[in-house]
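Asks: Sharing a structure below in structure tokens format, with a few things to ask.
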Number of protein chains: 2
Amino acid sequence: MTVLPSRNCIVRLSRYKNALHRFRTLGFIKVFSDTLAEEVGVTSSQVRKDFSLFGISGKKRGGYDLDELIEKLNNIFGKDRLEKVVVIGCGNIGRALINYKGFEREGIKITACFDIDPAKCKKEAAVPVLAMEDLCAYVNENGIKIGIIAVPDIAARQVMGSMVSAGIKGILNFAPLELKAPGGTVINNVNLGLELENLIYFVNSVSD
Amino acid sequence: MTVLPSRNCIVRLSRYKNALHRFRTLGFIKVFSDTLAEEVGVTSSQVRKDFSLFGISGKKRGGYDLDELIEKLNNIFGKDRLEKVVVIGCGNIGRALINYKGFEREGIKITACFDIDPAKCKKEAAVPVLAMEDLCAYVNENGIKIGIIAVPDIAARQVMGSMVSAGIKGILNFAPLELKAPGGTVINNVNLGLELENLIYFVNSVSD
DNA sequence: TAGATTGTTAATCGATTAACAATC
DNA sequence: TAGATTGTTAATCGATTAACAATC
């Protein structure tokens, strides 16, 4: 693949995929760019453009075959296999993620958690909580590529370092500071305080 | 205010604010657009442009006064007062948010949680868990403008309806579906599955 | 066939960046 | 003054949308 699509493009692709699943449960067997666009809230040009970027084609006048389309999108996101993910930090957010049921249907499974506090470690739990020292070995033995940072801000940068040197390639960061990725690592920041602050701004500015 | 700035612009403003707080703890008393830009990872043109949109000005050759700048940014985000926020859904994510310590320093306080399950209700807790029927009265009595959806996907749309009719103006949605805001309501969606899916795509495409 | 839909190119739009006059 | 930095305008860039030929 020569062109790296934008993050926005990939987010739209996820949304198309989700919308297509809904269409399938409704009994559809084909779909037009128009229908899909309306469901997701974009233009039909956008849909066709995004698809063409990935070499996905339909039939002139016949639209897209639903099963085929879902299959291709699933491939793009590696949905053919289960993705194992680790969580670093067994606090409020870490535990919520471990117990969150929504990942299963996405083919994502949190298989272990890591914490510096020995008192939190529980090797025998369904999702074991292990010591930070075990991270590197675990990542290598289990082929882990994705990890989630759920530690306080002061610890986040150091934890990122440990994850990267253990071989983790993608990081979802919940600590309230923007982590920058060293080359070859992808980081998505989810900053809850910033999201609320943003909401507060727009709520107040609309009412002005 | 005539121009509604883009979401990206407001996100940058938050980041400037956070960077400026760090500068202040380091003992700085003034800052140049260049310095701030580098810290946040944007261009100095961007910084000056964003400021000018909000009528924030510095001194030619003298940069920006740090205290004054922080004061103005704090005003934009309503940091002069405590923002009370409610959470709907007392499951994994809801409880994690209630116990999350990071909001305090942002001037945000979760003051109550609401759940349909009577067994989860606890009126006497530090952050009380109340029945859904009490939402409307609580919102009105406490001047709540912001609410967080932390319920399963099937319940999310209905919960949104209850929140909007109770008078909530801004919603942070953690349920894994894109909620669209009725006019006058602002919704920010945080979709954890989508974030991970996104990460999986980029991790796999970089290694190709 | 006539009509509808794709795939792609060209036009538009908005956001970012560069440049530079003003000025401290 | 000479040099540095702002504030703003013009240029650039990338993403989105419109348009339409190809074709089923």
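Note on naming: chains are A, B, ... as they come in the structure tokens, residues start from 1 per chain, ligands start from 1 in the order shown.
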List every residue of chain A that has an atom at most 6 Å from any atom of chain B, and for each one report the closest atom pair and its distance in Å to one decimal, counting only C-alpha atoms, with rows sorted by chain and then by increasing residue number, as a Markdown table.

Replies:
| residue | atom | partner | partner_atom | distance |
| --- | --- | --- | --- | --- |
| A:Phe77 | CA | B:Tyr201 | CA | 5.4 |
| A:Asn92 | CA | B:Ala96 | CA | 4.7 |
| A:Ile93 | CA | B:Ala96 | CA | 5.4 |
| A:Ala96 | CA | B:Asn92 | CA | 4.7 |
| A:Gly170 | CA | B:Val203 | CA | 5.9 |
| A:Leu199 | CA | B:Gly170 | CA | 6.0 |
| A:Tyr201 | CA | B:Phe77 | CA | 5.4 |
| A:Val203 | CA | B:Gly170 | CA | 5.9 |

Asks: Just N, CA, C and O atoms for this one: save the residues we selected as a CSV table (one decimal), in the first residue's frame.

Replies:
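The result, stored in result-v5.csv:
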chain,number,residue,atom,x,y,z
A,77,PHE,N,-9.5,-4.3,8.9
A,77,PHE,CA,-9.3,-4.1,10.3
A,77,PHE,C,-8.8,-5.4,11.1
A,77,PHE,O,-8.8,-5.5,12.3
A,92,ASN,N,-9.0,2.6,38.6
A,92,ASN,CA,-10.4,2.7,38.2
A,92,ASN,C,-10.6,2.4,36.8
A,92,ASN,O,-11.5,1.6,36.4
A,93,ILE,N,-9.9,3.1,35.9
A,93,ILE,CA,-10.1,3.0,34.5
A,93,ILE,C,-9.6,1.6,34.0
A,93,ILE,O,-10.3,0.9,33.2
A,96,ALA,N,-12.2,-1.0,34.9
A,96,ALA,CA,-13.4,-0.8,34.0
A,96,ALA,C,-13.2,-1.4,32.7
A,96,ALA,O,-14.0,-2.1,32.1
A,170,GLY,N,1.3,-0.2,19.3
A,170,GLY,CA,0.2,0.7,19.3
A,170,GLY,C,-0.3,1.0,20.7
A,170,GLY,O,-0.4,0.0,21.5
A,199,LEU,N,-16.6,20.2,25.7
A,199,LEU,CA,-18.0,20.2,25.7
A,199,LEU,C,-18.5,21.5,26.5
A,199,LEU,O,-19.5,22.2,26.0
A,201,TYR,N,-17.0,24.3,26.7
A,201,TYR,CA,-16.9,25.5,25.9
A,201,TYR,C,-18.0,25.6,24.9
A,201,TYR,O,-18.7,26.7,24.8
A,203,VAL,N,-21.0,24.2,24.9
A,203,VAL,CA,-22.3,24.4,25.5
A,203,VAL,C,-22.5,25.9,25.9
A,203,VAL,O,-23.5,26.5,25.7

Asks: Considering only C-alpha atoms (C1' of nucleotides), give me a table of residues in chain B that are at most 10 Å from chain D, with the closest atom pair and distance in Å for each, as JSON lines.

Replies:
{"residue": "B:Phe32", "atom": "CA", "partner": "D:DT5", "partner_atom": "C1'", "distance": 7.9}
{"residue": "B:Ser33", "atom": "CA", "partner": "D:DT5", "partner_atom": "C1'", "distance": 8.7}
{"residue": "B:Asp34", "atom": "CA", "partner": "D:DT5", "partner_atom": "C1'", "distance": 9.3}
{"residue": "B:Ser45", "atom": "CA", "partner": "D:DG7", "partner_atom": "C1'", "distance": 9.7}
{"residue": "B:Arg48", "atom": "CA", "partner": "D:DG7", "partner_atom": "C1'", "distance": 7.4}
{"residue": "B:Lys49", "atom": "CA", "partner": "D:DG7", "partner_atom": "C1'", "distance": 8.2}
{"residue": "B:Phe51", "atom": "CA", "partner": "D:DG7", "partner_atom": "C1'", "distance": 9.9}
{"residue": "B:Ser52", "atom": "CA", "partner": "D:DG7", "partner_atom": "C1'", "distance": 7.6}
{"residue": "B:Ser57", "atom": "CA", "partner": "D:DT6", "partner_atom": "C1'", "distance": 8.3}
{"residue": "B:Gly58", "atom": "CA", "partner": "D:DT6", "partner_atom": "C1'", "distance": 6.9}
{"residue": "B:Lys59", "atom": "CA", "partner": "D:DT6", "partner_atom": "C1'", "distance": 6.5}
{"residue": "B:Lys60", "atom": "CA", "partner": "D:DT6", "partner_atom": "C1'", "distance": 4.5}
{"residue": "B:Arg61", "atom": "CA", "partner": "D:DT5", "partner_atom": "C1'", "distance": 3.9}
{"residue": "B:Gly62", "atom": "CA", "partner": "D:DT5", "partner_atom": "C1'", "distance": 6.8}
{"residue": "B:Gly63", "atom": "CA", "partner": "D:DT5", "partner_atom": "C1'", "distance": 6.8}
{"residue": "B:Tyr64", "atom": "CA", "partner": "D:DT6", "partner_atom": "C1'", "distance": 9.6}

Asks: Extract the full set of helix (DSSP H, G or I) residues from range 24-163 of chain B according to DSSP on the backbone, and format it as a PyMOL selection string.

Replies: chain B and resi 24-25+33-40+44-53+66-76+92-99+104-106+118-120+132-142+153-163

Asks: What lies within 10 Å of Ala156 in chain A using only C-alpha atoms (C1' of nucleotides), ignoring chain neighbours under 2 positions off, as a ChimeraX atom specification?

Replies: /A:88-89,149-154,158-162,173-179

Asks: Could you please take those selected residues and save N, CA, C and O atoms as a compact mmCIF listing (two decimals), in the first residue's frame?

Replies:
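Result went into again36.txt, see below:
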# COMPACT_ATOMS: atom_id res chain seq x y z
N ILE A 88 -2.11 -1.45 31.15
CA ILE A 88 -1.14 -1.12 32.18
C ILE A 88 -1.81 -0.20 33.19
O ILE A 88 -2.27 0.89 32.82
N GLY A 89 -1.85 -0.62 34.44
CA GLY A 89 -2.49 0.18 35.47
C GLY A 89 -3.82 -0.42 35.88
O GLY A 89 -4.76 -0.43 35.10
N ILE A 149 -2.68 2.47 28.22
CA ILE A 149 -2.12 3.13 29.41
C ILE A 149 -3.27 3.64 30.27
O ILE A 149 -4.04 4.49 29.82
N ALA A 150 -3.36 3.13 31.50
CA ALA A 150 -4.41 3.57 32.43
C ALA A 150 -3.76 3.83 33.79
O ALA A 150 -4.23 3.34 34.82
N VAL A 151 -2.67 4.60 33.77
CA VAL A 151 -1.95 4.95 34.99
C VAL A 151 -2.05 6.46 35.20
O VAL A 151 -2.43 7.19 34.27
N PRO A 152 -1.70 6.98 36.40
CA PRO A 152 -1.74 8.43 36.62
C PRO A 152 -0.73 9.15 35.71
O PRO A 152 0.24 8.54 35.24
N ASP A 153 -0.98 10.45 35.49
CA ASP A 153 -0.15 11.20 34.55
C ASP A 153 1.34 11.13 34.85
O ASP A 153 2.15 11.00 33.93
N ILE A 154 1.71 11.21 36.13
CA ILE A 154 3.14 11.22 36.44
C ILE A 154 3.86 9.95 36.00
O ILE A 154 5.06 9.97 35.71
N GLN A 158 6.93 7.13 31.63
CA GLN A 158 7.81 5.99 31.90
C GLN A 158 7.18 4.68 31.45
O GLN A 158 7.84 3.82 30.86
N VAL A 159 5.89 4.54 31.72
CA VAL A 159 5.16 3.34 31.29
C VAL A 159 5.21 3.20 29.78
O VAL A 159 5.43 2.11 29.24
N MET A 160 5.04 4.32 29.08
CA MET A 160 5.13 4.28 27.62
C MET A 160 6.49 3.72 27.19
O MET A 160 6.57 2.87 26.31
N GLY A 161 7.53 4.20 27.84
CA GLY A 161 8.88 3.71 27.53
C GLY A 161 8.99 2.20 27.69
O GLY A 161 9.50 1.51 26.80
N SER A 162 8.46 1.68 28.81
CA SER A 162 8.51 0.24 29.05
C SER A 162 7.75 -0.53 27.98
O SER A 162 8.18 -1.59 27.52
N ASN A 173 -3.83 5.80 25.06
CA ASN A 173 -3.44 6.47 26.31
C ASN A 173 -4.57 7.22 26.98
O ASN A 173 -5.12 8.15 26.42
N PHE A 174 -4.90 6.80 28.21
CA PHE A 174 -5.94 7.48 28.99
C PHE A 174 -5.37 8.45 30.02
O PHE A 174 -6.13 9.12 30.70
N ALA A 175 -4.05 8.52 30.16
CA ALA A 175 -3.49 9.47 31.11
C ALA A 175 -3.65 10.88 30.54
O ALA A 175 -3.53 11.09 29.34
N PRO A 176 -3.95 11.86 31.43
CA PRO A 176 -4.29 13.20 30.94
C PRO A 176 -3.08 14.03 30.53
O PRO A 176 -2.84 15.10 31.06
N LEU A 177 -2.31 13.52 29.59
CA LEU A 177 -1.25 14.32 28.96
C LEU A 177 -1.03 13.74 27.58
O LEU A 177 -1.25 12.55 27.35
N GLU A 178 -0.61 14.58 26.65
CA GLU A 178 -0.43 14.14 25.26
C GLU A 178 0.90 13.42 25.16
O GLU A 178 1.95 14.05 25.27
N LEU A 179 0.85 12.14 24.90
CA LEU A 179 2.10 11.42 24.68
C LEU A 179 2.43 11.46 23.20
O LEU A 179 1.55 11.34 22.35

Asks: So how far away is CA of Val129 in chain A from CA of Ile110 in chain A, in Å?

Replies: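 One can read the CA of Ile110 in chain A to CA of Val129 in chain A distance as 11.2 Å.
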
Asks: From the DSSP assignment of the backbone, select every residue of range 9-109 of chain A that is strand (DSSP E), and format the answer as an mmCIF file with N, CA, C and O atoms, in the first residue's frame.

Replies:
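File produced: result_3.cif:
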data_model
loop_
_atom_site.group_PDB
_atom_site.id
_atom_site.type_symbol
_atom_site.label_atom_id
_atom_site.label_comp_id
_atom_site.auth_asym_id
_atom_site.auth_seq_id
_atom_site.Cartn_x
_atom_site.Cartn_y
_atom_site.Cartn_z
ATOM 1 N N LYS A 30 -27.700 -6.049 -0.609
ATOM 2 C CA LYS A 30 -26.813 -5.109 -1.291
ATOM 3 C C LYS A 30 -27.070 -3.706 -0.770
ATOM 4 O O LYS A 30 -28.062 -3.459 -0.085
ATOM 5 N N VAL A 31 -26.152 -2.799 -1.095
ATOM 6 C CA VAL A 31 -26.278 -1.444 -0.573
ATOM 7 C C VAL A 31 -25.723 -0.451 -1.588
ATOM 8 O O VAL A 31 -24.792 -0.772 -2.332
ATOM 9 N N TYR A 64 -23.269 -2.237 -4.101
ATOM 10 C CA TYR A 64 -22.239 -3.093 -3.522
ATOM 11 C C TYR A 64 -22.891 -4.307 -2.887
ATOM 12 O O TYR A 64 -23.928 -4.187 -2.231
ATOM 13 N N ASP A 65 -22.264 -5.465 -3.060
ATOM 14 C CA ASP A 65 -22.728 -6.681 -2.405
ATOM 15 C C ASP A 65 -22.381 -6.597 -0.923
ATOM 16 O O ASP A 65 -21.222 -6.394 -0.550
ATOM 17 N N GLU A 83 -7.668 -10.035 18.477
ATOM 18 C CA GLU A 83 -6.537 -9.182 18.828
ATOM 19 C C GLU A 83 -6.382 -9.152 20.345
ATOM 20 O O GLU A 83 -7.292 -8.754 21.065
ATOM 21 N N LYS A 84 -5.225 -9.578 20.817
ATOM 22 C CA LYS A 84 -4.973 -9.578 22.260
ATOM 23 C C LYS A 84 -4.360 -8.249 22.682
ATOM 24 O O LYS A 84 -3.416 -7.765 22.054
ATOM 25 N N VAL A 85 -4.897 -7.685 23.742
ATOM 26 C CA VAL A 85 -4.502 -6.359 24.206
ATOM 27 C C VAL A 85 -4.174 -6.428 25.693
ATOM 28 O O VAL A 85 -4.820 -7.164 26.430
ATOM 29 N N VAL A 86 -3.160 -5.669 26.142
ATOM 30 C CA VAL A 86 -2.869 -5.598 27.576
ATOM 31 C C VAL A 86 -3.192 -4.207 28.113
ATOM 32 O O VAL A 86 -3.187 -3.222 27.364
ATOM 33 N N VAL A 87 -3.479 -4.147 29.392
ATOM 34 C CA VAL A 87 -3.752 -2.881 30.070
ATOM 35 C C VAL A 87 -2.660 -2.653 31.107
ATOM 36 O O VAL A 87 -2.315 -3.580 31.850
ATOM 37 N N ILE A 88 -2.114 -1.448 31.146
ATOM 38 C CA ILE A 88 -1.137 -1.121 32.182
ATOM 39 C C ILE A 88 -1.809 -0.201 33.189
ATOM 40 O O ILE A 88 -2.266 0.890 32.823
ATOM 41 N N ILE A 108 -11.724 -8.092 20.042
ATOM 42 C CA ILE A 108 -10.634 -7.574 20.870
ATOM 43 C C ILE A 108 -10.746 -8.196 22.252
ATOM 44 O O ILE A 108 -11.838 -8.234 22.827
ATOM 45 N N LYS A 109 -9.637 -8.705 22.778
ATOM 46 C CA LYS A 109 -9.683 -9.302 24.116
ATOM 47 C C LYS A 109 -8.537 -8.786 24.971
ATOM 48 O O LYS A 109 -7.377 -8.845 24.559
#

Asks: Work out how far apart CA of Cys90 in chain B and CA of Lys120 in chain B are and give it in Å to one decimal.

Replies: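 Separating CA of Cys90 in chain B from CA of Lys120 in chain B is a distance of 7.2 Å.
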